[in-house]
>>> print(open('coords-v6.txt').read())   # compact mmCIF, C-alpha atoms
# COMPACT_ATOMS: atom_id res chain seq x y z
CA MET A 8 0.00 0.00 0.00
CA SER A 9 1.37 3.22 -1.08
CA SER A 10 2.07 5.99 1.35
CA THR A 11 -0.29 8.45 -0.28
CA PRO A 12 -3.54 6.67 0.51
CA ARG A 13 -2.39 6.13 4.11
CA ARG A 14 -1.97 9.84 4.60
CA ARG A 15 -5.41 10.44 3.22
CA VAL A 16 -6.90 7.94 5.59
CA THR A 17 -5.05 9.46 8.50
CA SER A 18 -6.13 12.93 7.55
CA GLY A 19 -9.69 11.74 7.24
CA ILE A 20 -9.56 10.19 10.64
CA ALA A 21 -8.18 13.41 12.07
CA ARG A 22 -10.80 15.44 10.39
CA GLY A 23 -13.45 13.09 11.74
CA ARG A 24 -12.23 13.53 15.28
CA ILE A 25 -12.15 17.36 15.20
CA ARG A 26 -15.76 18.55 15.36
CA PRO A 27 -16.94 22.05 16.00
CA ARG A 28 -18.18 22.61 19.59
CA PRO A 29 -21.87 23.54 19.81
CA GLN A 30 -22.40 27.14 21.05
CA ALA A 31 -24.33 27.51 24.29
CA ALA A 32 -27.78 29.02 23.97
CA THR A 33 -27.69 32.72 24.97
CA THR A 34 -30.48 34.83 26.71
CA PRO A 35 -30.71 38.51 26.00
CA ALA A 36 -29.22 40.50 28.89
CA SER A 37 -32.18 42.91 28.99
CA VAL A 38 -34.65 40.26 30.14
CA PRO A 39 -33.41 39.69 33.76
CA ALA A 40 -32.68 43.43 34.22
CA THR A 41 -36.23 44.40 33.27
CA SER A 42 -37.76 41.78 35.59
CA HIS A 43 -35.62 42.96 38.51
CA SER A 44 -36.61 46.61 37.96
CA THR A 45 -40.31 45.73 37.86
CA ALA A 46 -40.02 43.78 41.12
CA GLN A 47 -38.33 46.72 42.81
CA THR A 48 -41.05 49.11 41.64
CA ILE A 49 -43.80 46.85 42.93
CA THR A 50 -42.03 46.50 46.29
CA THR A 51 -41.62 50.27 46.57
CA LEU A 52 -45.28 50.87 45.76
CA VAL A 53 -46.40 48.30 48.29
CA THR A 54 -44.17 49.87 50.96
CA ALA A 55 -45.44 53.36 50.16
CA LEU A 56 -49.07 52.25 50.22
CA THR A 57 -48.49 50.49 53.51
CA ALA A 58 -46.92 53.63 55.01
CA ILE A 59 -49.79 55.80 53.75
CA GLY A 60 -52.28 53.36 55.17
CA ALA A 61 -50.47 53.41 58.50
CA LEU A 62 -50.50 57.20 58.54
CA ILE A 63 -54.21 57.32 57.74
CA PHE A 64 -54.95 54.77 60.43
CA THR A 65 -52.82 56.69 62.96
CA GLY A 66 -54.57 59.95 62.08
CA LEU A 67 -58.00 58.37 62.44
CA SER A 68 -56.95 56.83 65.74
CA LEU A 69 -55.65 60.18 67.01
CA ASN A 70 -58.88 61.93 66.02
CA ALA A 71 -60.91 59.26 67.73
CA THR A 72 -58.75 59.50 70.84
CA ARG A 73 -59.03 63.30 70.83
CA ASP A 74 -62.80 63.08 70.55
CA GLN A 75 -62.89 60.61 73.41
CA VAL A 76 -60.69 62.86 75.56
CA ALA A 77 -62.86 65.89 74.78
CA ALA A 78 -66.01 63.97 75.62
CA ALA A 79 -64.47 62.74 78.88
CA HIS A 80 -63.39 66.31 79.70
CA ARG A 81 -66.93 67.58 79.11
CA GLN A 82 -68.33 64.86 81.30
CA ASN A 83 -65.82 65.67 84.05
CA GLU A 84 -66.65 69.37 83.78
CA VAL A 85 -70.37 68.68 84.06
CA ALA A 86 -69.74 66.42 87.05
CA GLN A 87 -67.47 69.03 88.64
CA GLN A 88 -70.04 71.79 88.17
CA GLY A 89 -72.61 69.51 89.74
CA GLN A 90 -70.34 69.08 92.75
CA TYR A 91 -69.84 72.84 93.00
CA THR A 92 -73.60 73.36 92.90
CA ASP A 93 -74.12 70.81 95.66
CA ARG A 94 -71.40 72.41 97.80
CA TYR A 95 -72.86 75.88 97.27
CA THR A 96 -76.40 74.76 98.11
CA LYS A 97 -75.27 73.00 101.28
CA ALA A 98 -73.18 75.98 102.41
CA VAL A 99 -76.04 78.44 101.91
CA GLU A 100 -78.34 76.14 103.88
CA GLN A 101 -75.79 76.15 106.70
CA LEU A 102 -75.72 79.95 106.71
CA ASP A 103 -79.48 79.99 107.09
CA GLN A 104 -79.30 78.24 110.47
CA ALA A 105 -79.98 81.02 112.97
CA GLY A 106 -79.42 81.09 116.71
CA PRO A 107 -76.39 80.63 118.98
CA GLU A 108 -76.86 76.87 118.99
CA HIS A 109 -76.10 76.80 115.26
CA LEU A 110 -72.97 78.97 115.41
CA GLN A 111 -70.63 76.14 114.36
CA THR A 112 -72.93 75.26 111.46
CA ARG A 113 -72.82 78.84 110.17
CA LEU A 114 -69.04 78.95 110.55
CA GLY A 115 -68.78 75.75 108.52
CA GLY A 116 -70.94 77.28 105.80
CA ILE A 117 -68.74 80.39 105.62
CA TYR A 118 -65.54 78.35 105.38
CA ALA A 119 -67.15 76.16 102.70
CA LEU A 120 -68.06 79.21 100.62
CA GLN A 121 -64.59 80.65 101.04
CA ARG A 122 -63.03 77.42 99.74
CA LEU A 123 -65.55 77.16 96.91
CA ALA A 124 -64.68 80.70 95.76
CA VAL A 125 -61.07 79.51 95.36
CA ASP A 126 -61.96 76.25 93.59
CA SER A 127 -64.49 77.86 91.23
CA PRO A 128 -63.46 81.41 90.24
CA ARG A 129 -66.55 81.85 88.07
CA ASP A 130 -68.72 81.44 91.19
CA HIS A 131 -66.59 83.96 93.09
CA PRO A 132 -68.82 87.05 92.48
CA THR A 133 -71.95 85.18 93.57
CA ILE A 134 -70.27 83.91 96.72
CA THR A 135 -69.02 87.43 97.52
CA ASN A 136 -72.55 88.77 97.25
CA VAL A 137 -73.80 85.99 99.53
CA LEU A 138 -71.19 86.90 102.15
CA VAL A 139 -72.12 90.60 101.97
CA THR A 140 -75.80 89.75 102.32
CA PHE A 141 -75.09 87.51 105.30
CA ILE A 142 -73.00 90.20 107.00
CA THR A 143 -75.46 93.04 106.48
CA SER A 144 -78.51 90.97 107.42
CA THR A 145 -76.98 89.28 110.47
CA ILE A 146 -74.82 91.97 112.03
CA GLN A 147 -76.11 93.67 115.13
CA ARG A 148 -76.90 97.37 114.91
CA ALA A 149 -76.78 100.08 117.53
CA ALA A 150 -80.28 101.00 118.68
CA GLY A 151 -79.57 104.70 118.20
CA PRO A 152 -76.71 107.10 117.47
CA ALA A 153 -73.40 105.56 118.46
CA GLY A 154 -72.35 106.50 121.94
CA PRO A 155 -72.11 105.17 125.47
CA GLY A 156 -74.79 102.59 126.11
CA SER A 157 -75.64 102.17 122.44
CA GLY A 158 -76.50 98.53 122.99
CA CYS A 159 -73.62 96.95 121.07
CA PRO A 160 -71.98 93.82 122.50
CA PRO A 161 -68.37 94.17 123.68
CA SER A 162 -66.99 92.38 120.61
CA THR A 163 -67.98 91.33 117.11
CA ALA A 164 -69.88 88.04 116.81
CA PRO A 165 -67.61 85.16 115.67
CA ASP A 166 -69.58 84.32 112.53
CA ILE A 167 -69.60 87.98 111.46
CA GLN A 168 -65.84 88.19 112.07
CA VAL A 169 -65.19 85.07 109.98
CA ALA A 170 -67.48 86.30 107.18
CA LEU A 171 -65.75 89.69 107.16
CA THR A 172 -62.33 88.02 107.07
CA ALA A 173 -63.40 85.87 104.12
CA PHE A 174 -64.70 88.98 102.40
CA PHE A 175 -61.56 91.02 103.02
CA GLU A 176 -59.18 88.20 102.06
CA ARG A 177 -60.95 87.21 98.84
CA ASN A 178 -59.11 87.23 95.52
CA ARG A 179 -60.25 90.60 94.26
CA SER A 180 -59.08 89.83 90.70
CA HIS A 181 -62.08 87.47 90.43
CA ASP A 182 -64.64 90.15 91.26
CA ALA A 183 -65.57 90.25 87.55
CA GLY A 184 -65.37 94.02 87.36
CA THR A 185 -67.66 94.60 90.33
CA THR A 186 -66.62 96.55 93.42
CA PRO A 187 -68.63 94.99 96.24
CA ASP A 188 -66.76 96.92 98.96
CA ARG A 189 -67.98 100.23 97.60
CA GLY A 190 -70.87 101.42 99.67
CA ILE A 191 -71.10 98.21 101.74
CA PRO A 192 -73.89 99.07 104.21
CA LEU A 193 -72.38 98.88 107.70
CA GLU A 194 -74.00 101.95 109.21
CA ALA A 195 -74.51 101.67 112.97
CA ALA A 196 -72.92 98.23 112.82
CA CYS A 197 -71.59 96.69 116.01
CA LEU A 198 -67.99 95.90 115.08
CA ALA A 199 -66.08 96.40 118.31
CA HIS A 200 -62.72 94.55 118.35
CA VAL A 201 -63.19 93.56 114.71
CA LYS A 202 -60.01 92.47 112.90
CA ALA A 203 -59.78 94.13 109.49
CA VAL A 204 -56.07 94.50 108.79
CA SER A 205 -55.44 95.72 105.22
CA ALA A 206 -59.19 95.62 104.58
CA HIS A 207 -60.53 97.30 101.45
CA LEU A 208 -63.38 99.52 102.57
CA THR A 209 -63.24 102.30 100.02
CA ASP A 210 -66.49 104.31 100.07
CA ALA A 211 -67.84 102.07 102.83
CA ASN A 212 -70.84 103.31 104.76
CA LEU A 213 -69.81 103.14 108.43
CA ILE A 214 -71.87 106.02 109.79
CA ALA A 215 -72.36 105.69 113.55
CA ALA A 216 -70.67 102.26 113.52
CA ASN A 217 -69.11 100.97 116.72
CA LEU A 218 -65.48 100.20 115.89
CA ASN A 219 -64.03 100.56 119.36
CA GLU A 220 -60.63 98.84 119.62
CA ALA A 221 -60.93 97.63 116.02
CA ASP A 222 -57.74 96.54 114.26
CA LEU A 223 -57.76 98.58 111.04
CA ARG A 224 -54.04 98.77 110.39
CA GLN A 225 -53.22 99.55 106.76
CA ALA A 226 -56.91 99.52 105.91
CA ASP A 227 -58.09 101.28 102.75
CA LEU A 228 -60.79 103.67 103.96
CA ARG A 229 -60.56 106.26 101.23
CA GLN A 230 -63.77 108.30 100.98
CA ALA A 231 -65.39 106.08 103.59
CA ASN A 232 -68.20 107.62 105.63
CA LEU A 233 -67.36 107.30 109.33
CA GLY A 234 -69.40 110.22 110.56
CA THR A 235 -70.07 110.00 114.35
CA ALA A 236 -68.50 106.50 114.36
CA ARG A 237 -66.95 105.23 117.57
CA LEU A 238 -63.27 104.38 117.15
CA ALA A 239 -62.01 104.56 120.73
CA SER A 240 -58.56 102.94 120.99
CA ALA A 241 -58.90 101.69 117.42
CA ASN A 242 -55.65 100.92 115.60
CA LEU A 243 -55.53 102.86 112.32
CA SER A 244 -51.76 102.91 111.92
CA ASN A 245 -50.69 103.33 108.29
CA ALA A 246 -54.34 103.38 107.22
CA ASP A 247 -55.37 105.26 104.07
CA LEU A 248 -58.14 107.71 105.04
CA ARG A 249 -57.79 110.19 102.22
CA ASP A 250 -60.95 112.27 101.78
CA ALA A 251 -62.78 110.15 104.38
CA PHE A 252 -65.63 111.70 106.37
CA LEU A 253 -65.17 111.50 110.17
CA TYR A 254 -67.32 114.43 111.21
CA GLY A 255 -67.88 114.18 114.95
CA ALA A 256 -66.18 110.77 115.17
CA PHE A 257 -65.07 109.50 118.58
CA LEU A 258 -61.35 108.70 118.26
CA TYR A 259 -60.33 108.81 121.91
CA GLY A 260 -56.90 107.16 122.26
CA ALA A 261 -56.94 105.96 118.65
CA LYS A 262 -53.68 105.13 116.87
CA LEU A 263 -53.37 107.17 113.68
CA ASN A 264 -49.60 107.27 113.44
CA TYR A 265 -48.29 107.22 109.86
CA ALA A 266 -51.88 107.35 108.58
CA ASP A 267 -52.65 109.15 105.32
CA LEU A 268 -55.24 111.75 106.38
CA ARG A 269 -54.98 114.11 103.45
CA GLY A 270 -58.25 115.92 102.89
CA VAL A 271 -60.00 114.04 105.72
CA ASP A 272 -62.90 115.79 107.45
CA LEU A 273 -62.40 115.57 111.25
CA HIS A 274 -64.58 118.54 112.10
CA GLY A 275 -65.60 118.30 115.73
CA ALA A 276 -63.92 114.88 116.14
CA ASP A 277 -62.82 113.76 119.59
CA LEU A 278 -59.09 113.06 119.24
CA ARG A 279 -58.12 113.25 122.88
CA GLY A 280 -55.01 111.19 123.55
CA ALA A 281 -54.86 110.08 119.91
CA ASP A 282 -51.49 109.20 118.39
CA LEU A 283 -51.06 111.25 115.20
CA ARG A 284 -47.28 111.13 114.98
CA GLU A 285 -45.91 111.19 111.42
CA ALA A 286 -49.45 111.38 110.03
CA ASP A 287 -50.10 113.26 106.78
CA LEU A 288 -52.76 115.87 107.62
CA ARG A 289 -52.32 118.13 104.62
CA TRP A 290 -55.55 119.89 103.68
CA ALA A 291 -57.43 118.08 106.47
CA ASN A 292 -60.23 119.77 108.36
CA LEU A 293 -59.71 119.70 112.15
CA SER A 294 -61.85 122.69 112.98
CA HIS A 295 -63.48 122.34 116.44
CA ALA A 296 -61.67 119.01 116.91
CA ASP A 297 -60.62 118.13 120.45
CA LEU A 298 -56.87 117.46 120.41
CA ARG A 299 -56.15 117.54 124.11
CA GLY A 300 -53.40 115.08 124.96
CA ALA A 301 -52.91 114.16 121.31
CA ARG A 302 -49.41 113.42 120.03
CA LEU A 303 -48.66 115.41 116.89
CA GLY A 304 -44.90 115.02 116.38
CA GLY A 305 -43.68 114.90 112.80
CA ILE A 306 -47.06 115.55 111.18
CA GLN A 307 -47.43 117.16 107.76
CA HIS A 308 -49.88 120.03 108.02
CA GLU A 309 -49.75 122.13 104.89
CA GLY A 310 -53.19 123.70 104.37
CA THR A 311 -54.65 122.01 107.48
CA ASN A 312 -57.69 123.77 108.95
CA ILE A 313 -57.34 123.95 112.76
CA ASP A 314 -59.81 126.77 113.33
CA LYS A 315 -61.11 126.62 116.92
CA ALA A 316 -59.43 123.26 117.57
CA ILE A 317 -59.23 122.49 121.28
CA THR A 318 -55.79 121.91 122.79
CA ASP A 319 -54.17 122.12 126.20
CA SER A 320 -50.76 121.75 127.79
CA THR A 321 -50.81 117.98 127.30
CA THR A 322 -50.99 118.29 123.53
CA THR A 323 -47.48 117.48 122.24
CA GLY A 324 -45.82 118.49 119.01
CA LYS A 325 -48.41 121.14 118.11
CA TRP A 326 -47.61 123.07 114.96
CA TRP A 327 -49.26 126.45 115.78
>>> encode(input="coords-v6.txt", output="structure tokens")
Amino acid sequence: MSSTPRRRVTSGIARGRIRPRPQAATTPASVPATSHSTAQTITTLVTALTAIGALIFTGLSLNATRDQVAAAHRQNEVAQQGQYTDRYTKAVEQLDQAGPEHLQTRLGGIYALQRLAVDSPRDHPTITNVLVTFITSTIQRAAGPAGPGSGCPPSTAPDIQVALTAFFERNRSHDAGTTPDRGIPLEAACLAHVKAVSAHLTDANLIAANLNEADLRQADLRQANLGTARLASANLSNADLRDAFLYGAFLYGAKLNYADLRGVDLHGADLRGADLREADLRWANLSHADLRGARLGGIQHEGTNIDKAITDSTTTGKWW
């Protein structure tokens, strides 16, 4: 066998063994990328919708809670006002119990009203008026012009004292624009030994009242009417009596030191033994006043009318 055919056979065998490798099937690259993007979009939308739903639910829940709180607050307010009404009614009933045997009951009613005025400011004006009515209707009055043997007891009744204290110590900012102290009717009232420190009694009607030994330190008595009132040994230190009317008042031994008496009318007043040291008496009227034994050191007396004022050797610090 010749060499040529053998080479052909060998070449054929070689060619038969070398076959082209099949190419792997390919997928377009855009297909998985598009699917992934769509999945992300759906997930984002679902998350956003869930968040919006949660916000809506939270808002609705908050509104419902707020409505419930408001309703509960209204119910509590109604219940509280009902309690205030019950307390007020009971206190007024206690005040209506007359007689010495019911003194403690009346005192309890006054204290209850005083506390209620603090707890319920909107009821404050009504309570103040009730106290004024109780004072003016219960207080004892002198049978005639104030003077020795006028019929007043030696001291102020305890329930009147407590009612006056509650009245004087009230929170005046809750008076709702009213001025209940102005013109409070206390004429001929029996108020001996009454405690009214820093009391507001502007324009008060105290004509012929018995205020012997009363404690009126720093009281506001501007323009008050104290004509013929009895103020023996009363303490009026640092009191404001500007333009007050004390015509013929009995001020024997009264303390008026450092008092503001500018423009006060003391015509014919009995000031024997009174302490007027450092008082401001500018433009006051002391004509015909009895100043025997009065202490007048350091007073201010510009324009003071002392025409026919009565003095003697015991008057100290006189300015004329």
>>> residues_around(input="coords-v6.txt", residues="A:Arg284", least_positions_apart="5", cutoff="6 Å", atoms="only C-alpha atoms", output="tab-separated table (two decimals) with C-alpha atoms, keeping the file's coordinate frame")
chain	number	residue	atom	x	y	z
A	264	ASN	CA	-49.60	107.27	113.44
A	302	ARG	CA	-49.41	113.42	120.03
A	303	LEU	CA	-48.66	115.41	116.89
A	304	GLY	CA	-44.90	115.02	116.38
A	305	GLY	CA	-43.68	114.90	112.80
A	306	ILE	CA	-47.06	115.55	111.18
>>> closest_atom_pairs(input="coords-v6.txt", of="stretch 153-254 of chain A", to="stretch 286-289 of chain A", cutoff="10 Å", atoms="all atoms listed in the file", output="tab-separated table")
residue	atom	partner	partner_atom	distance
A:Ser244	CA	A:Ala286	CA	9.0
A:Asn245	CA	A:Ala286	CA	8.3
A:Ala246	CA	A:Ala286	CA	9.8
A:Asp247	CA	A:Asp287	CA	10.0
A:Leu248	CA	A:Asp287	CA	9.9
A:Arg249	CA	A:Leu288	CA	9.3
>>> atom_distance(input="coords-v6.txt", atom1="atom CA of A:His274", atom2="atom CA of A:His200")
24.9 Å
>>> atom_distance(input="coords-v6.txt", atom1="atom CA of A:Ala149", atom2="atom CA of A:Ser205")
25.0 Å
>>> residues_around(input="coords-v6.txt", residues="A:Val271", least_positions_apart="4", cutoff="6 Å", atoms="all atoms listed in the file", output="PyMOL selection string")
chain A and resi 249-251+291
>>> closest_residue(input="coords-v6.txt", among="A:Asp166, A:Asp130, A:Glu100, A:Asp74", to="A:Leu114", atoms="only C-alpha atoms")
A:Asp166
>>> atom_distance(input="coords-v6.txt", atom1="atom CA of A:Gly255", atom2="atom CA of A:Thr235")
4.8 Å
>>> residues_around(input="coords-v6.txt", residues="A:Asp210", least_positions_apart="4", cutoff="10 Å", atoms="only C-alpha atoms", output="ChimeraX atom specification")
/A:188-192,227-233,250-252
>>> closest_residue(input="coords-v6.txt", among="A:Leu138, A:Ala236, A:Pro107, A:His131", to="A:Glu194", atoms="all atoms listed in the file")
A:Ala236
>>> residues_around(input="coords-v6.txt", residues="A:Ala98", least_positions_apart="5", cutoff="9 Å", atoms="only C-alpha atoms", output="PyMOL selection string")
chain A and resi 93+103+113+115-120
>>> closest_residue(input="coords-v6.txt", among="A:Leu123, A:Leu268, A:Ala261, A:Ile49", to="A:Ala301", atoms="only C-alpha atoms")
A:Ala261
>>> closest_residue(input="coords-v6.txt", among="A:Thr321, A:Gln75, A:Gln121, A:Asn217", to="A:Glu176", atoms="all atoms listed in the file")
A:Gln121
>>> residues_around(input="coords-v6.txt", residues="A:Arg279", least_positions_apart="4", cutoff="8 Å", atoms="only C-alpha atoms", output="PyMOL selection string")
chain A and resi 258-260+297-301
>>> decode(input="coords-v6.txt", residues="stretch 295-306 of chain A", atoms="all heavy atoms", output="tab-separated table (two decimals), in the first residue's frame")
chain	number	residue	atom	x	y	z
A	295	HIS	N	-62.68	122.74	115.27
A	295	HIS	CA	-63.48	122.34	116.44
A	295	HIS	C	-63.13	120.93	116.95
A	295	HIS	O	-63.84	120.38	117.80
A	295	HIS	CB	-64.98	122.40	116.14
A	295	HIS	CG	-65.46	123.79	115.81
A	295	HIS	ND1	-65.84	124.70	116.77
A	295	HIS	CD2	-65.60	124.43	114.62
A	295	HIS	CE1	-66.21	125.83	116.19
A	295	HIS	NE2	-66.07	125.70	114.88
A	296	ALA	N	-62.06	120.33	116.41
A	296	ALA	CA	-61.67	119.01	116.91
A	296	ALA	C	-61.02	119.14	118.28
A	296	ALA	O	-60.37	120.13	118.59
A	296	ALA	CB	-60.69	118.35	115.93
A	297	ASP	N	-61.21	118.14	119.11
A	297	ASP	CA	-60.62	118.13	120.45
A	297	ASP	C	-59.31	117.35	120.40
A	297	ASP	O	-59.31	116.12	120.24
A	297	ASP	CB	-61.60	117.48	121.43
A	297	ASP	CG	-61.19	117.68	122.88
A	297	ASP	OD1	-60.00	118.00	123.12
A	297	ASP	OD2	-62.05	117.51	123.77
A	298	LEU	N	-58.20	118.06	120.53
A	298	LEU	CA	-56.87	117.46	120.41
A	298	LEU	C	-56.13	117.42	121.74
A	298	LEU	O	-54.91	117.25	121.76
A	298	LEU	CB	-56.05	118.24	119.38
A	298	LEU	CG	-56.51	118.13	117.92
A	298	LEU	CD1	-55.98	119.27	117.09
A	298	LEU	CD2	-56.08	116.79	117.32
A	299	ARG	N	-56.83	117.54	122.81
A	299	ARG	CA	-56.15	117.54	124.11
A	299	ARG	C	-55.46	116.19	124.35
A	299	ARG	O	-56.08	115.14	124.23
A	299	ARG	CB	-57.15	117.82	125.23
A	299	ARG	CG	-57.63	119.28	125.27
A	299	ARG	CD	-58.72	119.48	126.32
A	299	ARG	NE	-59.96	118.82	125.92
A	299	ARG	CZ	-61.07	118.81	126.67
A	299	ARG	NH1	-61.07	119.40	127.87
A	299	ARG	NH2	-62.17	118.21	126.25
A	300	GLY	N	-54.18	116.29	124.68
A	300	GLY	CA	-53.40	115.08	124.96
A	300	GLY	C	-52.97	114.33	123.71
A	300	GLY	O	-52.31	113.29	123.81
A	301	ALA	N	-53.30	114.84	122.54
A	301	ALA	CA	-52.91	114.16	121.31
A	301	ALA	C	-51.42	114.34	121.04
A	301	ALA	O	-50.82	115.34	121.42
A	301	ALA	CB	-53.72	114.71	120.14
A	302	ARG	N	-50.82	113.35	120.40
A	302	ARG	CA	-49.41	113.42	120.03
A	302	ARG	C	-49.31	113.75	118.55
A	302	ARG	O	-49.84	113.00	117.70
A	302	ARG	CB	-48.72	112.10	120.34
A	302	ARG	CG	-48.51	111.88	121.84
A	302	ARG	CD	-47.93	110.52	122.14
A	302	ARG	NE	-48.94	109.47	122.03
A	302	ARG	CZ	-48.70	108.17	122.20
A	302	ARG	NH1	-47.47	107.76	122.48
A	302	ARG	NH2	-49.67	107.30	122.12
A	303	LEU	N	-48.65	114.86	118.25
A	303	LEU	CA	-48.66	115.41	116.89
A	303	LEU	C	-47.26	115.53	116.29
A	303	LEU	O	-47.08	116.21	115.28
A	303	LEU	CB	-49.32	116.80	116.90
A	303	LEU	CG	-50.73	116.86	117.51
A	303	LEU	CD1	-51.17	118.30	117.68
A	303	LEU	CD2	-51.72	116.11	116.62
A	304	GLY	N	-46.28	114.89	116.86
A	304	GLY	CA	-44.90	115.02	116.38
A	304	GLY	C	-44.72	114.52	114.96
A	304	GLY	O	-45.19	113.44	114.60
A	305	GLY	N	-44.04	115.32	114.15
A	305	GLY	CA	-43.68	114.90	112.80
A	305	GLY	C	-44.81	114.92	111.79
A	305	GLY	O	-44.66	114.36	110.70
A	306	ILE	N	-45.94	115.54	112.12
A	306	ILE	CA	-47.06	115.55	111.18
A	306	ILE	C	-46.78	116.49	110.01
A	306	ILE	O	-46.00	117.43	110.13
A	306	ILE	CB	-48.37	115.96	111.87
A	306	ILE	CG1	-48.26	117.39	112.41
A	306	ILE	CG2	-48.76	114.98	112.95
A	306	ILE	CD1	-49.58	117.95	112.91
